[in-house]
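Text of entry04.pdb, listed as PDB, C-alpha atoms:
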ATOM      1  CA  MET A   1     -24.692 -18.207 -30.480  1.00  0.00           C
ATOM      2  CA  PRO A   2     -25.513 -21.780 -31.575  1.00  0.00           C
ATOM      3  CA  VAL A   3     -29.123 -22.859 -31.700  1.00  0.00           C
ATOM      4  CA  GLU A   4     -30.394 -26.227 -30.556  1.00  0.00           C
ATOM      5  CA  PRO A   5     -33.455 -28.145 -31.747  1.00  0.00           C
ATOM      6  CA  LEU A   6     -36.426 -28.021 -29.397  1.00  0.00           C
ATOM      7  CA  SER A   7     -37.995 -31.213 -28.095  1.00  0.00           C
ATOM      8  CA  GLN A   8     -41.412 -32.219 -29.377  1.00  0.00           C
ATOM      9  CA  GLN A   9     -42.851 -31.417 -25.941  1.00  0.00           C
ATOM     10  CA  GLU A  10     -41.322 -27.909 -25.987  1.00  0.00           C
ATOM     11  CA  ILE A  11     -42.743 -27.332 -29.462  1.00  0.00           C
ATOM     12  CA  GLU A  12     -46.216 -28.505 -28.436  1.00  0.00           C
ATOM     13  CA  ASN A  13     -46.167 -26.317 -25.327  1.00  0.00           C
ATOM     14  CA  ARG A  14     -45.054 -23.228 -27.212  1.00  0.00           C
ATOM     15  CA  ILE A  15     -47.202 -23.570 -30.326  1.00  0.00           C
ATOM     16  CA  ALA A  16     -50.247 -22.859 -28.137  1.00  0.00           C
ATOM     17  CA  GLU A  17     -48.905 -19.285 -27.782  1.00  0.00           C
ATOM     18  CA  LEU A  18     -49.309 -18.770 -31.543  1.00  0.00           C
ATOM     19  CA  PRO A  19     -52.991 -18.985 -32.542  1.00  0.00           C
ATOM     20  CA  GLY A  20     -53.459 -20.347 -36.044  1.00  0.00           C
ATOM     21  CA  TRP A  21     -49.944 -21.793 -36.224  1.00  0.00           C
ATOM     22  CA  SER A  22     -49.308 -25.519 -36.155  1.00  0.00           C
ATOM     23  CA  ALA A  23     -46.399 -27.872 -35.765  1.00  0.00           C
ATOM     24  CA  ASP A  24     -46.275 -29.916 -38.946  1.00  0.00           C
ATOM     25  CA  GLY A  25     -43.504 -32.476 -38.562  1.00  0.00           C
ATOM     26  CA  ASP A  26     -40.270 -30.530 -38.250  1.00  0.00           C
ATOM     27  CA  ARG A  27     -41.840 -27.199 -39.234  1.00  0.00           C
ATOM     28  CA  LEU A  28     -44.040 -24.441 -37.895  1.00  0.00           C
ATOM     29  CA  THR A  29     -46.684 -23.513 -40.449  1.00  0.00           C
ATOM     30  CA  ARG A  30     -49.430 -20.968 -40.949  1.00  0.00           C
ATOM     31  CA  SER A  31     -51.497 -19.726 -43.879  1.00  0.00           C
ATOM     32  CA  TYR A  32     -53.081 -16.289 -43.992  1.00  0.00           C
ATOM     33  CA  ARG A  33     -55.909 -14.989 -46.173  1.00  0.00           C
ATOM     34  CA  LEU A  34     -55.780 -11.351 -47.225  1.00  0.00           C
ATOM     35  CA  GLY A  35     -58.100  -8.939 -48.998  1.00  0.00           C
ATOM     36  CA  SER A  36     -56.193  -8.774 -52.273  1.00  0.00           C
ATOM     37  CA  HIS A  37     -53.137  -9.903 -54.163  1.00  0.00           C
ATOM     38  CA  PHE A  38     -51.502  -6.554 -53.452  1.00  0.00           C
ATOM     39  CA  ALA A  39     -52.039  -6.974 -49.693  1.00  0.00           C
ATOM     40  CA  ALA A  40     -50.606 -10.496 -49.826  1.00  0.00           C
ATOM     41  CA  THR A  41     -47.564  -9.282 -51.752  1.00  0.00           C
ATOM     42  CA  ALA A  42     -47.013  -6.460 -49.269  1.00  0.00           C
ATOM     43  CA  MET A  43     -47.147  -8.938 -46.407  1.00  0.00           C
ATOM     44  CA  VAL A  44     -44.536 -11.157 -48.102  1.00  0.00           C
ATOM     45  CA  VAL A  45     -42.226  -8.143 -48.461  1.00  0.00           C
ATOM     46  CA  HIS A  46     -42.759  -7.271 -44.791  1.00  0.00           C
ATOM     47  CA  ILE A  47     -41.969 -10.861 -43.748  1.00  0.00           C
ATOM     48  CA  ALA A  48     -38.815 -10.766 -45.905  1.00  0.00           C
ATOM     49  CA  GLN A  49     -37.699  -7.623 -44.049  1.00  0.00           C
ATOM     50  CA  VAL A  50     -38.160  -9.381 -40.700  1.00  0.00           C
ATOM     51  CA  GLN A  51     -36.288 -12.430 -41.987  1.00  0.00           C
ATOM     52  CA  GLU A  52     -33.342 -10.252 -42.964  1.00  0.00           C
ATOM     53  CA  GLU A  53     -33.403  -8.540 -39.568  1.00  0.00           C
ATOM     54  CA  LEU A  54     -33.339 -11.911 -37.775  1.00  0.00           C
ATOM     55  CA  ASP A  55     -31.006 -13.490 -40.370  1.00  0.00           C
ATOM     56  CA  HIS A  56     -33.448 -16.387 -40.407  1.00  0.00           C
ATOM     57  CA  HIS A  57     -35.374 -17.243 -43.563  1.00  0.00           C
ATOM     58  CA  SER A  58     -38.509 -19.314 -44.008  1.00  0.00           C
ATOM     59  CA  ASP A  59     -40.322 -20.754 -46.980  1.00  0.00           C
ATOM     60  CA  LEU A  60     -43.003 -18.352 -48.207  1.00  0.00           C
ATOM     61  CA  THR A  61     -45.747 -19.122 -50.710  1.00  0.00           C
ATOM     62  CA  LEU A  62     -47.660 -16.261 -52.278  1.00  0.00           C
ATOM     63  CA  GLY A  63     -51.077 -16.975 -53.749  1.00  0.00           C
ATOM     64  CA  TYR A  64     -53.659 -14.614 -55.203  1.00  0.00           C
ATOM     65  CA  ASN A  65     -54.791 -13.485 -51.752  1.00  0.00           C
ATOM     66  CA  THR A  66     -52.931 -15.903 -49.491  1.00  0.00           C
ATOM     67  CA  VAL A  67     -49.547 -16.152 -47.816  1.00  0.00           C
ATOM     68  CA  SER A  68     -48.274 -19.436 -46.417  1.00  0.00           C
ATOM     69  CA  VAL A  69     -45.289 -19.572 -44.100  1.00  0.00           C
ATOM     70  CA  SER A  70     -43.265 -22.672 -43.257  1.00  0.00           C
ATOM     71  CA  VAL A  71     -40.412 -22.302 -40.772  1.00  0.00           C
ATOM     72  CA  ASN A  72     -37.575 -24.514 -39.587  1.00  0.00           C
ATOM     73  CA  THR A  73     -33.846 -24.076 -38.996  1.00  0.00           C
ATOM     74  CA  HIS A  74     -31.704 -25.416 -41.811  1.00  0.00           C
ATOM     75  CA  SER A  75     -28.438 -25.195 -39.819  1.00  0.00           C
ATOM     76  CA  VAL A  76     -29.642 -27.876 -37.367  1.00  0.00           C
ATOM     77  CA  GLY A  77     -30.918 -30.309 -39.960  1.00  0.00           C
ATOM     78  CA  GLY A  78     -34.319 -28.737 -40.551  1.00  0.00           C
ATOM     79  CA  LYS A  79     -35.511 -28.985 -36.943  1.00  0.00           C
ATOM     80  CA  VAL A  80     -37.558 -26.433 -34.983  1.00  0.00           C
ATOM     81  CA  THR A  81     -35.575 -24.036 -32.776  1.00  0.00           C
ATOM     82  CA  GLU A  82     -36.117 -20.863 -30.776  1.00  0.00           C
ATOM     83  CA  LEU A  83     -35.322 -18.891 -33.946  1.00  0.00           C
ATOM     84  CA  ASP A  84     -38.373 -20.388 -35.612  1.00  0.00           C
ATOM     85  CA  PHE A  85     -40.614 -19.283 -32.778  1.00  0.00           C
ATOM     86  CA  GLN A  86     -39.093 -15.779 -32.883  1.00  0.00           C
ATOM     87  CA  LEU A  87     -39.861 -15.500 -36.581  1.00  0.00           C
ATOM     88  CA  ALA A  88     -43.362 -16.963 -36.197  1.00  0.00           C
ATOM     89  CA  ARG A  89     -44.135 -14.474 -33.393  1.00  0.00           C
ATOM     90  CA  ARG A  90     -42.963 -11.576 -35.530  1.00  0.00           C
ATOM     91  CA  VAL A  91     -45.095 -12.744 -38.468  1.00  0.00           C
ATOM     92  CA  ALA A  92     -48.112 -13.109 -36.146  1.00  0.00           C
ATOM     93  CA  GLU A  93     -47.528  -9.555 -34.894  1.00  0.00           C
ATOM     94  CA  LEU A  94     -47.306  -7.987 -38.357  1.00  0.00           C
ATOM     95  CA  ALA A  95     -50.213  -9.900 -39.932  1.00  0.00           C
ATOM     96  CA  PRO A  96     -53.043  -7.689 -38.568  1.00  0.00           C
ATOM     97  CA  ALA A  97     -51.472  -4.586 -40.139  1.00  0.00           C
ATOM     98  CA  HIS A  98     -51.982  -6.267 -43.524  1.00  0.00           C
ATOM     99  CA  GLY A  99     -55.565  -7.306 -42.780  1.00  0.00           C
ATOM    100  CA  ALA A 100     -54.552 -10.962 -42.672  1.00  0.00           C
ATOM    101  CA  SER A 101     -56.777 -13.563 -41.087  1.00  0.00           C
TER
END

What's the structure tokens form of this structure?
Amino acid sequence: MPVEPLSQQEIENRIAELPGWSADGDRLTRSYRLGSHFAATAMVVHIAQVQEELDHHSDLTLGYNTVSVSVNTHSVGGKVTELDFQLARRVAELAPAHGAS
């Protein structure tokens, strides 16, 4: 099923449903702080599993005790789509299990 870019208004309306996430140009972004490097690494692996399940991959940055996520849809020219919101929701749901804030 083809995906279509969301309008700026749709993005602004929907980003409010994802506390801590922001619309940064043509991306959804969020950074998480974790208790240790091991916890951050485990969260990155968990996110990678979700990405494979959704067949939708984001940019991930792993720091000592941080994970940053940046999501857009490459197949529509790097715009924000429903797929990006699905992935962001899944990341938001799994974050507490890793102690992320």

Counting only C-alpha atoms, what are the residues of region 40-101 of chain A within 10 Å of region 3-17 of chain A, and for each of them which pair of atoms is the nearest and at what distance in Å, to one decimal? Sort the table by chain and rising number, as a tab-separated table.
residue	atom	partner	partner_atom	distance
A:Asn72	CA	A:Pro5	CA	9.6
A:Thr73	CA	A:Pro5	CA	8.3
A:Ser75	CA	A:Val3	CA	8.5
A:Val76	CA	A:Pro5	CA	6.8
A:Gly77	CA	A:Pro5	CA	8.9
A:Gly78	CA	A:Pro5	CA	8.9
A:Lys79	CA	A:Pro5	CA	5.7
A:Val80	CA	A:Pro5	CA	5.5
A:Thr81	CA	A:Pro5	CA	4.7
A:Glu82	CA	A:Leu6	CA	7.3
A:Leu83	CA	A:Val3	CA	7.7
A:Asp84	CA	A:Pro5	CA	10.0
A:Phe85	CA	A:Arg14	CA	8.1
A:Ala88	CA	A:Ile15	CA	9.6
A:Arg89	CA	A:Glu17	CA	8.8

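Here CA of Ala95 (chain A) and CA of Met43 (chain A) stand 7.2 Å from one another.
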
Problem set entry | Residues within 9 Å of (-56.9, -10.8, -41.0), counting only C-alpha atoms, listed as a list in words | Tyr32, Arg33, Leu34, Gly35, Ala95, Pro96, Ala97, His98, Gly99, Ala100 and Ser101 of chain A

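Take the PyMOL selection byres ((chain A and resi 71) around 7) and apply it to this file: it picks A:Arg27, A:Leu28, A:Thr29, A:Ser58, A:Asp59, A:Val69, A:Ser70, A:Asn72, A:Asp84.
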
Problem set entry | Best match for closeness to Ala48 (chain A) among A:Tyr64, A:Ser31, A:Leu94, A:Ala23, counting all atoms listed in the file | A:Leu94

Problem set entry | For CA of Val45 (chain A) and CA of Pro2 (chain A), the interatomic separation in Å (one decimal) | 27.4 Å

Return the padded bounding box of region 1-11 of chain A as AutoDock Vina command-line options: axis-aligned, built from all atoms listed in the file, 5 Å added on each side, with centre and edge lengths in Å to one decimal.
--center_x -33.8 --center_y -25.2 --center_z -28.8 --size_x 28.2 --size_y 24.0 --size_z 15.8

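Interatomic distance, CA of Ala39 (chain A) to CA of Asp26 (chain A): 28.7 Å.
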
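The nearest approach to His74 (chain A) among the residues A:His56, A:Arg90, A:Ser36, A:Asp24, with all atoms listed in the file taken into account, belongs to A:His56.
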
Seminar exercise, completed: Using all atoms listed in the file, the shortest atom-to-atom distance to Gly63 (chain A) among A:Leu18, A:Ala42, A:Gln49, A:His37 belongs to A:His37

Model the absent atoms of region 54-73 of chain A so that N, CA, C and O atoms are present, and write the result as a PDB file, keeping the file's coordinate frame.
ATOM      1  N   LEU A  54     -33.658 -10.785 -38.651  1.00  0.00           N
ATOM      2  CA  LEU A  54     -33.339 -11.911 -37.775  1.00  0.00           C
ATOM      3  C   LEU A  54     -32.253 -12.817 -38.358  1.00  0.00           C
ATOM      4  O   LEU A  54     -31.761 -13.701 -37.663  1.00  0.00           O
ATOM      5  N   ASP A  55     -31.908 -12.610 -39.627  1.00  0.00           N
ATOM      6  CA  ASP A  55     -31.006 -13.490 -40.370  1.00  0.00           C
ATOM      7  C   ASP A  55     -31.490 -14.934 -40.266  1.00  0.00           C
ATOM      8  O   ASP A  55     -30.745 -15.863 -39.974  1.00  0.00           O
ATOM      9  N   HIS A  56     -32.802 -15.073 -40.479  1.00  0.00           N
ATOM     10  CA  HIS A  56     -33.448 -16.387 -40.407  1.00  0.00           C
ATOM     11  C   HIS A  56     -34.567 -16.390 -41.436  1.00  0.00           C
ATOM     12  O   HIS A  56     -35.480 -15.581 -41.367  1.00  0.00           O
ATOM     13  N   HIS A  57     -34.486 -17.284 -42.405  1.00  0.00           N
ATOM     14  CA  HIS A  57     -35.374 -17.243 -43.563  1.00  0.00           C
ATOM     15  C   HIS A  57     -36.261 -18.479 -43.624  1.00  0.00           C
ATOM     16  O   HIS A  57     -35.800 -19.591 -43.411  1.00  0.00           O
ATOM     17  N   SER A  58     -37.524 -18.233 -43.922  1.00  0.00           N
ATOM     18  CA  SER A  58     -38.509 -19.314 -44.008  1.00  0.00           C
ATOM     19  C   SER A  58     -38.913 -19.524 -45.457  1.00  0.00           C
ATOM     20  O   SER A  58     -38.525 -18.764 -46.343  1.00  0.00           O
ATOM     21  N   ASP A  59     -39.708 -20.552 -45.679  1.00  0.00           N
ATOM     22  CA  ASP A  59     -40.322 -20.754 -46.980  1.00  0.00           C
ATOM     23  C   ASP A  59     -41.624 -19.955 -46.996  1.00  0.00           C
ATOM     24  O   ASP A  59     -42.443 -20.061 -46.079  1.00  0.00           O
ATOM     25  N   LEU A  60     -41.796 -19.156 -48.031  1.00  0.00           N
ATOM     26  CA  LEU A  60     -43.003 -18.352 -48.207  1.00  0.00           C
ATOM     27  C   LEU A  60     -43.665 -18.745 -49.520  1.00  0.00           C
ATOM     28  O   LEU A  60     -42.984 -18.905 -50.532  1.00  0.00           O
ATOM     29  N   THR A  61     -44.989 -18.865 -49.499  1.00  0.00           N
ATOM     30  CA  THR A  61     -45.747 -19.122 -50.710  1.00  0.00           C
ATOM     31  C   THR A  61     -46.776 -18.018 -50.853  1.00  0.00           C
ATOM     32  O   THR A  61     -47.579 -17.786 -49.936  1.00  0.00           O
ATOM     33  N   LEU A  62     -46.736 -17.344 -51.977  1.00  0.00           N
ATOM     34  CA  LEU A  62     -47.660 -16.261 -52.278  1.00  0.00           C
ATOM     35  C   LEU A  62     -48.699 -16.764 -53.259  1.00  0.00           C
ATOM     36  O   LEU A  62     -48.361 -17.261 -54.336  1.00  0.00           O
ATOM     37  N   GLY A  63     -49.972 -16.657 -52.861  1.00  0.00           N
ATOM     38  CA  GLY A  63     -51.077 -16.975 -53.749  1.00  0.00           C
ATOM     39  C   GLY A  63     -51.800 -15.687 -54.111  1.00  0.00           C
ATOM     40  O   GLY A  63     -51.363 -14.598 -53.749  1.00  0.00           O
ATOM     41  N   TYR A  64     -52.915 -15.807 -54.797  1.00  0.00           N
ATOM     42  CA  TYR A  64     -53.659 -14.614 -55.203  1.00  0.00           C
ATOM     43  C   TYR A  64     -53.946 -13.706 -54.001  1.00  0.00           C
ATOM     44  O   TYR A  64     -53.647 -12.524 -54.019  1.00  0.00           O
ATOM     45  N   ASN A  65     -54.518 -14.276 -52.958  1.00  0.00           N
ATOM     46  CA  ASN A  65     -54.791 -13.485 -51.752  1.00  0.00           C
ATOM     47  C   ASN A  65     -54.423 -14.284 -50.499  1.00  0.00           C
ATOM     48  O   ASN A  65     -55.064 -14.157 -49.466  1.00  0.00           O
ATOM     49  N   THR A  66     -53.387 -15.097 -50.624  1.00  0.00           N
ATOM     50  CA  THR A  66     -52.931 -15.903 -49.491  1.00  0.00           C
ATOM     51  C   THR A  66     -51.412 -15.838 -49.359  1.00  0.00           C
ATOM     52  O   THR A  66     -50.695 -15.629 -50.339  1.00  0.00           O
ATOM     53  N   VAL A  67     -50.973 -16.025 -48.124  1.00  0.00           N
ATOM     54  CA  VAL A  67     -49.547 -16.152 -47.816  1.00  0.00           C
ATOM     55  C   VAL A  67     -49.418 -17.348 -46.891  1.00  0.00           C
ATOM     56  O   VAL A  67     -50.099 -17.425 -45.863  1.00  0.00           O
ATOM     57  N   SER A  68     -48.560 -18.281 -47.267  1.00  0.00           N
ATOM     58  CA  SER A  68     -48.274 -19.436 -46.417  1.00  0.00           C
ATOM     59  C   SER A  68     -46.820 -19.364 -45.984  1.00  0.00           C
ATOM     60  O   SER A  68     -45.930 -19.071 -46.789  1.00  0.00           O
ATOM     61  N   VAL A  69     -46.614 -19.640 -44.695  1.00  0.00           N
ATOM     62  CA  VAL A  69     -45.289 -19.572 -44.100  1.00  0.00           C
ATOM     63  C   VAL A  69     -44.955 -20.944 -43.525  1.00  0.00           C
ATOM     64  O   VAL A  69     -45.787 -21.556 -42.849  1.00  0.00           O
ATOM     65  N   SER A  70     -43.739 -21.402 -43.781  1.00  0.00           N
ATOM     66  CA  SER A  70     -43.265 -22.672 -43.257  1.00  0.00           C
ATOM     67  C   SER A  70     -41.846 -22.438 -42.733  1.00  0.00           C
ATOM     68  O   SER A  70     -40.965 -22.024 -43.488  1.00  0.00           O
ATOM     69  N   VAL A  71     -41.652 -22.696 -41.433  1.00  0.00           N
ATOM     70  CA  VAL A  71     -40.412 -22.302 -40.772  1.00  0.00           C
ATOM     71  C   VAL A  71     -39.733 -23.495 -40.108  1.00  0.00           C
ATOM     72  O   VAL A  71     -40.373 -24.262 -39.386  1.00  0.00           O
ATOM     73  N   ASN A  72     -38.440 -23.630 -40.361  1.00  0.00           N
ATOM     74  CA  ASN A  72     -37.575 -24.514 -39.587  1.00  0.00           C
ATOM     75  C   ASN A  72     -36.152 -23.986 -39.718  1.00  0.00           C
ATOM     76  O   ASN A  72     -35.917 -23.019 -40.439  1.00  0.00           O
ATOM     77  N   THR A  73     -35.215 -24.582 -39.003  1.00  0.00           N
ATOM     78  CA  THR A  73     -33.846 -24.076 -38.996  1.00  0.00           C
ATOM     79  C   THR A  73     -32.951 -25.032 -39.770  1.00  0.00           C
ATOM     80  O   THR A  73     -32.685 -26.152 -39.322  1.00  0.00           O
TER      81      THR A  73
END
